[in-house]
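Chemist: One file: query33.cif (mmCIF, C-alpha atoms).
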```
data_protein
loop_
_atom_site.group_PDB
_atom_site.id
_atom_site.type_symbol
_atom_site.label_atom_id
_atom_site.label_comp_id
_atom_site.auth_asym_id
_atom_site.auth_seq_id
_atom_site.Cartn_x
_atom_site.Cartn_y
_atom_site.Cartn_z
ATOM 1 C CA MET A 22 -25.408 -96.000 -164.798
ATOM 2 C CA LYS A 23 -25.874 -97.874 -167.974
ATOM 3 C CA PHE A 24 -27.764 -101.121 -168.358
ATOM 4 C CA THR A 25 -26.958 -103.480 -171.138
ATOM 5 C CA LYS A 26 -29.791 -103.783 -173.532
ATOM 6 C CA LYS A 27 -31.795 -106.959 -173.152
ATOM 7 C CA SER A 28 -31.516 -109.255 -176.092
ATOM 8 C CA GLN A 29 -34.589 -109.219 -178.219
ATOM 9 C CA SER A 30 -34.690 -112.912 -179.106
ATOM 10 C CA LYS A 31 -37.651 -114.677 -177.552
ATOM 11 C CA PRO A 32 -36.888 -117.889 -175.656
ATOM 12 C CA GLU A 33 -38.994 -120.330 -177.634
ATOM 13 C CA ILE A 34 -38.661 -124.080 -177.953
ATOM 14 C CA PRO A 35 -38.695 -125.093 -181.587
ATOM 15 C CA THR A 36 -41.884 -127.074 -182.176
ATOM 16 C CA ALA A 37 -41.372 -127.942 -185.786
ATOM 17 C CA SER A 38 -40.094 -131.436 -185.013
ATOM 18 C CA MET A 39 -42.760 -132.182 -182.441
ATOM 19 C CA PRO A 40 -44.872 -134.334 -184.790
ATOM 20 C CA ASP A 41 -41.816 -136.431 -185.540
ATOM 21 C CA ILE A 42 -41.153 -137.047 -181.871
ATOM 22 C CA ILE A 43 -44.772 -137.921 -181.248
ATOM 23 C CA PHE A 44 -44.810 -140.261 -184.225
ATOM 24 C CA MET A 45 -41.784 -142.044 -182.864
ATOM 25 C CA LEU A 46 -43.455 -142.581 -179.509
ATOM 26 C CA LEU A 47 -46.633 -143.613 -181.299
ATOM 27 C CA ILE A 48 -44.830 -146.241 -183.323
ATOM 28 C CA PHE A 49 -43.161 -147.611 -180.189
ATOM 29 C CA PHE A 50 -46.465 -148.029 -178.397
ATOM 30 C CA MET A 51 -48.182 -149.442 -181.472
ATOM 31 C CA VAL A 52 -45.520 -152.111 -181.777
ATOM 32 C CA SER A 53 -45.433 -153.018 -178.100
ATOM 33 C CA THR A 54 -49.194 -153.166 -177.616
ATOM 34 C CA VAL A 55 -50.856 -156.550 -177.426
ATOM 35 C CA LEU A 56 -54.515 -155.845 -177.859
ATOM 36 C CA LYS A 57 -55.778 -159.309 -177.142
ATOM 37 C CA GLN A 58 -56.483 -159.553 -173.456
ATOM 38 C CA TYR A 59 -58.920 -161.702 -171.637
ATOM 39 C CA GLU A 60 -61.051 -160.943 -168.666
ATOM 40 C CA GLY A 61 -60.513 -164.279 -166.970
ATOM 41 C CA LEU A 62 -61.751 -165.092 -163.526
ATOM 42 C CA LYS A 63 -61.227 -163.416 -160.216
ATOM 43 C CA VAL A 64 -58.533 -165.327 -158.365
ATOM 44 C CA HIS A 65 -56.455 -164.755 -155.270
ATOM 45 C CA LEU A 66 -53.024 -165.828 -156.421
ATOM 46 C CA PRO A 67 -50.722 -167.578 -153.989
ATOM 47 C CA SER A 68 -47.627 -165.701 -152.925
ATOM 48 C CA ALA A 69 -44.060 -166.852 -153.362
ATOM 49 C CA VAL A 70 -40.563 -165.435 -153.075
ATOM 50 C CA LYS A 71 -38.578 -167.015 -155.883
ATOM 51 C CA ILE A 72 -40.779 -165.834 -158.706
ATOM 52 C CA ILE A 73 -39.410 -164.785 -162.050
ATOM 53 C CA LYS A 74 -40.805 -162.875 -164.976
ATOM 54 C CA ILE A 75 -42.084 -164.971 -167.819
ATOM 55 C CA LYS A 76 -39.596 -164.605 -170.614
ATOM 56 C CA GLY A 77 -40.787 -163.610 -174.046
ATOM 57 C CA SER A 78 -43.754 -161.717 -175.336
ATOM 58 C CA LYS A 79 -47.283 -161.856 -174.019
ATOM 59 C CA ARG A 80 -48.306 -163.042 -177.447
ATOM 60 C CA HIS A 81 -46.978 -166.486 -176.632
ATOM 61 C CA ILE A 82 -48.775 -166.901 -173.335
ATOM 62 C CA THR A 83 -52.045 -168.701 -172.817
ATOM 63 C CA THR A 84 -53.606 -168.135 -169.445
ATOM 64 C CA ILE A 85 -55.680 -170.669 -167.565
ATOM 65 C CA TRP A 86 -57.719 -169.363 -164.669
ATOM 66 C CA ILE A 87 -59.031 -171.637 -161.948
ATOM 67 C CA ASP A 88 -61.087 -169.929 -159.286
ATOM 68 C CA LYS A 89 -62.026 -171.207 -155.852
ATOM 69 C CA SER A 90 -65.300 -172.744 -157.009
ATOM 70 C CA GLU A 91 -63.260 -174.677 -159.586
ATOM 71 C CA ASN A 92 -64.442 -172.802 -162.640
ATOM 72 C CA ILE A 93 -61.898 -173.062 -165.416
ATOM 73 C CA VAL A 94 -61.330 -170.530 -168.168
ATOM 74 C CA VAL A 95 -58.722 -170.964 -170.908
ATOM 75 C CA ASP A 96 -58.117 -167.521 -172.474
ATOM 76 C CA ASP A 97 -61.714 -166.938 -173.586
ATOM 77 C CA VAL A 98 -63.143 -170.443 -173.437
ATOM 78 C CA THR A 99 -65.074 -171.509 -170.376
ATOM 79 C CA ILE A 100 -64.590 -175.140 -169.448
ATOM 80 C CA LYS A 101 -67.357 -176.882 -167.552
ATOM 81 C CA SER A 102 -66.248 -178.988 -164.620
ATOM 82 C CA ASP A 103 -67.480 -182.231 -166.195
ATOM 83 C CA GLU A 104 -65.644 -181.711 -169.464
ATOM 84 C CA ILE A 105 -62.105 -180.961 -168.371
ATOM 85 C CA SER A 106 -60.825 -182.984 -171.327
ATOM 86 C CA LYS A 107 -61.909 -180.075 -173.557
ATOM 87 C CA ILE A 108 -58.782 -178.260 -172.357
ATOM 88 C CA ARG A 109 -56.719 -180.698 -174.375
ATOM 89 C CA ASN A 110 -58.375 -179.671 -177.662
ATOM 90 C CA VAL A 111 -58.325 -175.951 -176.887
ATOM 91 C CA VAL A 112 -54.665 -175.920 -175.898
ATOM 92 C CA TRP A 113 -53.680 -178.251 -178.718
ATOM 93 C CA THR A 114 -55.190 -175.921 -181.334
ATOM 94 C CA LYS A 115 -53.299 -173.035 -179.791
ATOM 95 C CA ILE A 116 -49.973 -174.816 -179.545
ATOM 96 C CA SER A 117 -50.139 -176.149 -183.078
ATOM 97 C CA LYS A 118 -50.370 -172.552 -184.271
ATOM 98 C CA ASP A 119 -47.673 -171.247 -181.957
ATOM 99 C CA ILE A 120 -44.921 -173.604 -180.924
ATOM 100 C CA GLN A 121 -43.473 -171.162 -178.401
ATOM 101 C CA LEU A 122 -46.636 -171.227 -176.345
ATOM 102 C CA LYS A 123 -46.350 -171.106 -172.587
ATOM 103 C CA ILE A 124 -49.123 -171.722 -170.131
ATOM 104 C CA SER A 125 -49.645 -169.353 -167.258
ATOM 105 C CA LEU A 126 -51.709 -171.067 -164.607
ATOM 106 C CA LYS A 127 -53.556 -168.608 -162.427
ATOM 107 C CA GLY A 128 -54.961 -170.799 -159.714
ATOM 108 C CA ASP A 129 -56.744 -169.525 -156.659
ATOM 109 C CA LYS A 130 -54.802 -170.324 -153.519
ATOM 110 C CA ASN A 131 -57.765 -172.091 -151.965
ATOM 111 C CA VAL A 132 -58.307 -174.448 -154.854
ATOM 112 C CA SER A 133 -57.494 -178.106 -154.232
ATOM 113 C CA MET A 134 -54.660 -179.924 -155.977
ATOM 114 C CA GLY A 135 -57.109 -182.401 -157.541
ATOM 115 C CA VAL A 136 -58.341 -179.990 -160.186
ATOM 116 C CA ILE A 137 -54.844 -178.567 -160.719
ATOM 117 C CA THR A 138 -53.560 -182.066 -161.422
ATOM 118 C CA ASP A 139 -56.424 -182.798 -163.812
ATOM 119 C CA VAL A 140 -55.565 -179.648 -165.753
ATOM 120 C CA GLN A 141 -51.883 -180.561 -165.745
ATOM 121 C CA GLN A 142 -52.649 -184.015 -167.113
ATOM 122 C CA GLU A 143 -54.643 -182.434 -169.937
ATOM 123 C CA LEU A 144 -51.785 -180.042 -170.683
ATOM 124 C CA ARG A 145 -49.375 -182.942 -170.864
ATOM 125 C CA LYS A 146 -51.624 -184.669 -173.374
ATOM 126 C CA ALA A 147 -51.751 -181.461 -175.420
ATOM 127 C CA GLN A 148 -47.933 -181.353 -175.382
ATOM 128 C CA ALA A 149 -48.050 -177.995 -173.624
ATOM 129 C CA LEU A 150 -45.283 -178.719 -171.190
ATOM 130 C CA ARG A 151 -43.977 -175.278 -170.319
ATOM 131 C CA LEU A 152 -46.009 -174.119 -167.395
ATOM 132 C CA VAL A 153 -45.746 -171.176 -165.060
ATOM 133 C CA TYR A 154 -47.563 -171.109 -161.757
ATOM 134 C CA SER A 155 -48.566 -167.482 -161.535
ATOM 135 C CA ALA A 156 -47.857 -165.985 -158.127
ATOM 136 C CA ILE A 157 -47.544 -162.620 -156.476
ATOM 137 C CA PRO A 158 -44.435 -161.459 -154.628
ATOM 138 C CA GLN A 159 -44.546 -161.974 -150.904
ATOM 139 C CA MET B 24 -58.704 -115.660 -225.046
ATOM 140 C CA ILE B 25 -57.656 -118.286 -222.632
ATOM 141 C CA ALA B 26 -58.450 -117.692 -219.026
ATOM 142 C CA LYS B 27 -55.438 -117.668 -216.825
ATOM 143 C CA LYS B 28 -55.179 -120.805 -214.731
ATOM 144 C CA ARG B 29 -55.476 -120.120 -211.083
ATOM 145 C CA VAL B 30 -52.503 -121.462 -209.204
ATOM 146 C CA ARG B 31 -53.897 -123.350 -206.285
ATOM 147 C CA SER B 32 -51.649 -125.196 -203.910
ATOM 148 C CA ALA B 33 -52.609 -128.830 -203.473
ATOM 149 C CA ASP B 34 -51.283 -129.276 -199.968
ATOM 150 C CA ILE B 35 -52.958 -131.276 -197.270
ATOM 151 C CA PRO B 36 -53.093 -129.087 -194.202
ATOM 152 C CA SER B 37 -50.571 -130.539 -191.804
ATOM 153 C CA GLY B 38 -51.138 -128.197 -188.934
ATOM 154 C CA SER B 39 -53.281 -130.660 -187.047
ATOM 155 C CA LEU B 40 -50.989 -133.602 -187.754
ATOM 156 C CA ALA B 41 -49.471 -133.369 -184.312
ATOM 157 C CA ASP B 42 -52.918 -133.410 -182.712
ATOM 158 C CA ILE B 43 -53.950 -136.525 -184.580
ATOM 159 C CA ALA B 44 -50.696 -138.238 -183.667
ATOM 160 C CA PHE B 45 -51.213 -137.223 -180.043
ATOM 161 C CA LEU B 46 -54.663 -138.721 -180.030
ATOM 162 C CA LEU B 47 -53.395 -142.043 -181.385
ATOM 163 C CA LEU B 48 -50.476 -141.926 -178.975
ATOM 164 C CA ILE B 49 -52.781 -141.511 -176.013
ATOM 165 C CA PHE B 50 -54.930 -144.406 -177.202
ATOM 166 C CA PHE B 51 -51.956 -146.761 -177.403
ATOM 167 C CA LEU B 52 -50.532 -145.478 -174.124
ATOM 168 C CA VAL B 53 -53.756 -146.351 -172.367
ATOM 169 C CA THR B 54 -54.156 -149.808 -173.924
ATOM 170 C CA THR B 55 -50.558 -150.930 -173.385
ATOM 171 C CA THR B 56 -49.852 -153.010 -170.332
ATOM 172 C CA ILE B 57 -46.169 -153.230 -169.646
ATOM 173 C CA ASP B 58 -46.290 -155.456 -166.577
ATOM 174 C CA THR B 59 -45.618 -159.094 -167.235
ATOM 175 C CA ASP B 60 -46.819 -162.202 -165.505
ATOM 176 C CA ARG B 61 -44.624 -163.523 -162.787
ATOM 177 C CA GLY B 62 -44.532 -166.967 -161.345
ATOM 178 C CA ILE B 63 -42.738 -170.214 -160.734
ATOM 179 C CA ASN B 64 -41.508 -172.078 -163.787
ATOM 180 C CA MET B 65 -42.271 -175.726 -164.208
ATOM 181 C CA VAL B 66 -41.768 -178.151 -167.064
ATOM 182 C CA LEU B 67 -44.268 -180.963 -167.187
ATOM 183 C CA PRO B 68 -43.215 -184.462 -168.196
ATOM 184 C CA PRO B 69 -44.214 -185.546 -171.706
ATOM 185 C CA PRO B 70 -47.442 -187.548 -172.041
ATOM 186 C CA GLY B 71 -47.588 -191.241 -171.413
ATOM 187 C CA ASP B 72 -46.415 -193.244 -168.459
ATOM 188 C CA ILE B 73 -42.706 -193.521 -168.813
ATOM 189 C CA GLU B 74 -40.994 -195.563 -166.195
ATOM 190 C CA VAL B 75 -37.575 -194.261 -165.430
ATOM 191 C CA VAL B 76 -35.445 -196.371 -163.202
ATOM 192 C CA ILE B 77 -33.853 -194.189 -160.593
ATOM 193 C CA ASN B 78 -31.567 -195.283 -157.863
ATOM 194 C CA PRO B 79 -33.597 -195.026 -154.635
ATOM 195 C CA LYS B 80 -30.616 -193.277 -153.060
ATOM 196 C CA ASN B 81 -31.086 -190.332 -155.396
ATOM 197 C CA ILE B 82 -34.710 -189.776 -154.551
ATOM 198 C CA ILE B 83 -36.201 -187.834 -151.705
ATOM 199 C CA THR B 84 -39.949 -188.149 -151.342
ATOM 200 C CA MET B 85 -42.106 -185.380 -150.043
ATOM 201 C CA VAL B 86 -45.750 -185.926 -149.258
ATOM 202 C CA ILE B 87 -48.191 -183.116 -148.562
ATOM 203 C CA ASN B 88 -51.492 -184.144 -147.033
ATOM 204 C CA ALA B 89 -54.888 -182.464 -147.099
ATOM 205 C CA ASP B 90 -54.189 -180.498 -143.914
ATOM 206 C CA GLY B 91 -51.037 -179.026 -145.373
ATOM 207 C CA LEU B 92 -48.719 -181.155 -143.258
ATOM 208 C CA ILE B 93 -45.525 -182.155 -144.954
ATOM 209 C CA MET B 94 -43.608 -185.360 -144.678
ATOM 210 C CA LEU B 95 -40.055 -185.457 -145.978
ATOM 211 C CA ASP B 96 -38.666 -188.990 -146.179
ATOM 212 C CA LYS B 97 -41.007 -190.197 -143.463
ATOM 213 C CA ASN B 98 -40.195 -187.354 -141.083
ATOM 214 C CA PRO B 99 -42.792 -184.644 -140.516
ATOM 215 C CA VAL B 100 -41.265 -181.236 -141.240
ATOM 216 C CA ASP B 101 -42.287 -177.629 -141.027
ATOM 217 C CA ILE B 102 -42.645 -175.765 -144.315
ATOM 218 C CA ASN B 103 -39.751 -173.428 -143.514
ATOM 219 C CA GLU B 104 -37.384 -176.276 -142.727
ATOM 220 C CA ILE B 105 -37.592 -177.739 -146.235
ATOM 221 C CA ARG B 106 -35.047 -175.347 -147.698
ATOM 222 C CA GLY B 107 -32.336 -176.208 -145.191
ATOM 223 C CA ILE B 108 -32.888 -179.936 -145.397
ATOM 224 C CA VAL B 109 -32.973 -180.016 -149.189
ATOM 225 C CA GLU B 110 -29.885 -177.817 -149.460
ATOM 226 C CA LYS B 111 -27.997 -180.128 -147.130
ATOM 227 C CA ARG B 112 -29.109 -183.253 -148.940
ATOM 228 C CA GLN B 113 -28.207 -181.720 -152.290
ATOM 229 C CA ASN B 114 -24.711 -180.959 -151.153
ATOM 230 C CA GLU B 115 -24.302 -184.584 -150.124
ATOM 231 C CA ASN B 116 -25.783 -185.844 -153.376
ATOM 232 C CA PRO B 117 -25.920 -183.489 -156.394
ATOM 233 C CA LYS B 118 -27.998 -186.003 -158.366
ATOM 234 C CA LEU B 119 -30.855 -185.716 -155.884
ATOM 235 C CA ILE B 120 -34.380 -185.738 -157.294
ATOM 236 C CA ILE B 121 -37.150 -184.339 -155.156
ATOM 237 C CA SER B 122 -40.466 -186.034 -155.711
ATOM 238 C CA VAL B 123 -43.407 -183.962 -154.548
ATOM 239 C CA LYS B 124 -46.552 -185.933 -153.948
ATOM 240 C CA THR B 125 -49.887 -184.403 -153.053
ATOM 241 C CA VAL B 126 -53.350 -185.706 -152.360
ATOM 242 C CA ARG B 127 -56.400 -184.392 -154.181
ATOM 243 C CA ASP B 128 -57.474 -182.245 -151.231
ATOM 244 C CA THR B 129 -54.147 -180.534 -150.713
ATOM 245 C CA LYS B 130 -54.441 -176.769 -150.953
ATOM 246 C CA TYR B 131 -52.765 -175.250 -154.021
ATOM 247 C CA ASP B 132 -51.307 -172.548 -151.775
ATOM 248 C CA VAL B 133 -49.304 -175.095 -149.768
ATOM 249 C CA TYR B 134 -48.051 -176.721 -152.949
ATOM 250 C CA ILE B 135 -46.799 -173.361 -154.260
ATOM 251 C CA GLN B 136 -45.125 -172.625 -150.933
ATOM 252 C CA VAL B 137 -43.344 -175.966 -151.063
ATOM 253 C CA LEU B 138 -42.230 -175.336 -154.648
ATOM 254 C CA ASP B 139 -41.031 -171.908 -153.559
ATOM 255 C CA GLN B 140 -38.968 -173.494 -150.802
ATOM 256 C CA LEU B 141 -37.462 -175.932 -153.283
ATOM 257 C CA LYS B 142 -36.611 -173.090 -155.669
ATOM 258 C CA LYS B 143 -34.992 -171.244 -152.766
ATOM 259 C CA ALA B 144 -32.862 -174.308 -152.137
ATOM 260 C CA ASN B 145 -31.857 -174.201 -155.824
ATOM 261 C CA ALA B 146 -33.377 -177.583 -156.516
ATOM 262 C CA GLN B 147 -33.275 -178.259 -160.254
ATOM 263 C CA ARG B 148 -34.713 -181.727 -160.370
ATOM 264 C CA ILE B 149 -38.242 -181.606 -159.096
ATOM 265 C CA SER B 150 -40.673 -184.330 -159.953
ATOM 266 C CA ILE B 151 -44.384 -183.995 -159.418
ATOM 267 C CA ALA B 152 -46.093 -187.240 -158.656
ATOM 268 C CA GLU B 153 -49.725 -187.853 -159.438
ATOM 269 C CA PRO B 154 -51.866 -187.495 -156.349
ATOM 270 C CA GLU B 155 -53.431 -190.489 -154.721
ATOM 271 C CA SER B 156 -57.153 -190.139 -154.406
#
```
Please re-express this file's structure in structure tokens.
Modeler:
Amino acid sequence: MKFTKKSQSKPEIPTASMPDIIFMLLIFFMVSTVLKQYEGLKVHLPSAVKIIKIKGSKRHITTIWIDKSENIVVDDVTIKSDEISKIRNVVWTKISKDIQLKISLKGDKNVSMGVITDVQQELRKAQALRLVYSAIPQ
Amino acid sequence: MIAKKRVRSADIPSGSLADIAFLLLIFFLVTTTIDTDRGINMVLPPPGDIEVVINPKNIITMVINADGLIMLDKNPVDINEIRGIVEKRQNENPKLIISVKTVRDTKYDVYIQVLDQLKKANAQRISIAEPES
């Protein structure tokens, strides 16, 4: 009985182009990364069914956090409860630099509508009219 | 006699190139957050008190009180009934504007639930009235 001779070629994956592949992935992640991220406040978001993704890049989103003890944080600026009108200046500076700006309002579900309305009035005065009430899927 | 020039290759060693790229790749992989914010869209009215005259027939008023009870055109309703009622009213009158009024002590959660119901009913024209203190 005669066996056919096994082929001598070693089954190796060519690794010469590996750096190129890695570079491609690297460039993708470098481009898609938005490094600026804010800590914010700890909030329990309300839940809703008809929620949609915010269109556009994260670069054009300013987040306002309102927690249950009515602390307000706009991106990285803390707003004291007696100077809510500061929001107007902060948001206005942001929107004058970036006209596409959208506001993502992360309000705690136990917060009262009074403070939400005050913030909304300030946003109106800052001409920041596109607002998204951040919510989690039910 | 001139000494023979030594031929030395001026190459940068590229053997570890892949490792360096990997390291950077891992850094960007870790810092990237792909998930986006999700929520309910709303467009606020421009600043200033603009009085728009609207035919009272085209308006449906909804009031939410501090206890989370909802009144729709002077009838108390349950939160899950809003969708059906608004859908029905919208079919009768496509120009319908829903005015949502809250008080300062209304819970934000209830407000979002009401907005969610209105979005479920495909309501396009939602107006948020300033709360009465």
Chemist: Using only C-alpha atoms and a cut-off of 6 Å, which residues of chain A sit close to chain B? Please list them as number ranges by chain.
Modeler: A: 40, 47, 50, 54, 67, 69, 71-75, 130-135, 145-146, 150-156
Chemist: Record the distance separating CA of Val70 in chain A and CA of Glu104 in chain B, expressed in Å with one decimal.
Modeler: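 Interatomic distance, CA of Val70 in chain A to CA of Glu104 in chain B: 15.3 Å.
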Chemist: Taking into account only C-alpha atoms, which residue in the set A:Lys31, A:Lys123, A:Lys79, A:Lys107 is nearest to Ile93 in chain A?
Modeler: A:Lys107
Chemist: Determine the residue set returned by the PyMOL selection byres ((chain B and resi 116) around 12) for the present structure, and present it as a ChimeraX atom specification.
Modeler: /B:78,80-83,109-115,117-121,146
Chemist: What's the separation between CA of Thr138 in chain A and CA of Ile149 in chain B, in Å to one decimal place?
Modeler: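 Computing it gives 15.5 Å between the two atoms.
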Chemist: What's around Ser106 in chain A at 10 Å? Count all atoms listed in the file, leave out sequence neighbours fewer than 2 positions away in its own chain, and write the answer as an mmCIF file with C-alpha atoms, keeping the file's coordinate frame.
Modeler:
```
data_model
loop_
_atom_site.group_PDB
_atom_site.id
_atom_site.type_symbol
_atom_site.label_atom_id
_atom_site.label_comp_id
_atom_site.auth_asym_id
_atom_site.auth_seq_id
_atom_site.Cartn_x
_atom_site.Cartn_y
_atom_site.Cartn_z
ATOM 1 C CA ILE A 100 -64.590 -175.140 -169.448
ATOM 2 C CA LYS A 101 -67.357 -176.882 -167.552
ATOM 3 C CA SER A 102 -66.248 -178.988 -164.620
ATOM 4 C CA ASP A 103 -67.480 -182.231 -166.195
ATOM 5 C CA GLU A 104 -65.644 -181.711 -169.464
ATOM 6 C CA ILE A 108 -58.782 -178.260 -172.357
ATOM 7 C CA ARG A 109 -56.719 -180.698 -174.375
ATOM 8 C CA ASN A 110 -58.375 -179.671 -177.662
ATOM 9 C CA VAL A 111 -58.325 -175.951 -176.887
ATOM 10 C CA ASP A 139 -56.424 -182.798 -163.812
ATOM 11 C CA VAL A 140 -55.565 -179.648 -165.753
ATOM 12 C CA GLN A 142 -52.649 -184.015 -167.113
ATOM 13 C CA GLU A 143 -54.643 -182.434 -169.937
ATOM 14 C CA LEU A 144 -51.785 -180.042 -170.683
ATOM 15 C CA LYS A 146 -51.624 -184.669 -173.374
#
```
Chemist: Take the PyMOL selection byres ((chain B and resi 95-102) around 7), apply it to the structure above, and return the hits as a list of chain:residue names.
Modeler: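 Taken on the displayed file, the PyMOL selection byres ((chain B and resi 95-102) around 7) yields the residues B:Ile83, B:Thr84, B:Met85, B:Val86, B:Ile93, B:Met94, B:Asn103, B:Glu104, B:Ile105, B:Val137.
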Chemist: Nearest to Glu91 in chain A: which of A:Pro35, A:Gly128, A:Pro158, A:Gly77 is it, counting all atoms listed in the file?
Modeler: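 Looking only at the distances to Glu91 in chain A, the closest residue turns out to be A:Gly128.
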Chemist: How far is it from CA of Asn92 in chain A to CA of Lys127 in chain A, in Å with one decimal?
Modeler: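 We find that CA of Asn92 in chain A and CA of Lys127 in chain A lie 11.7 Å from each other.
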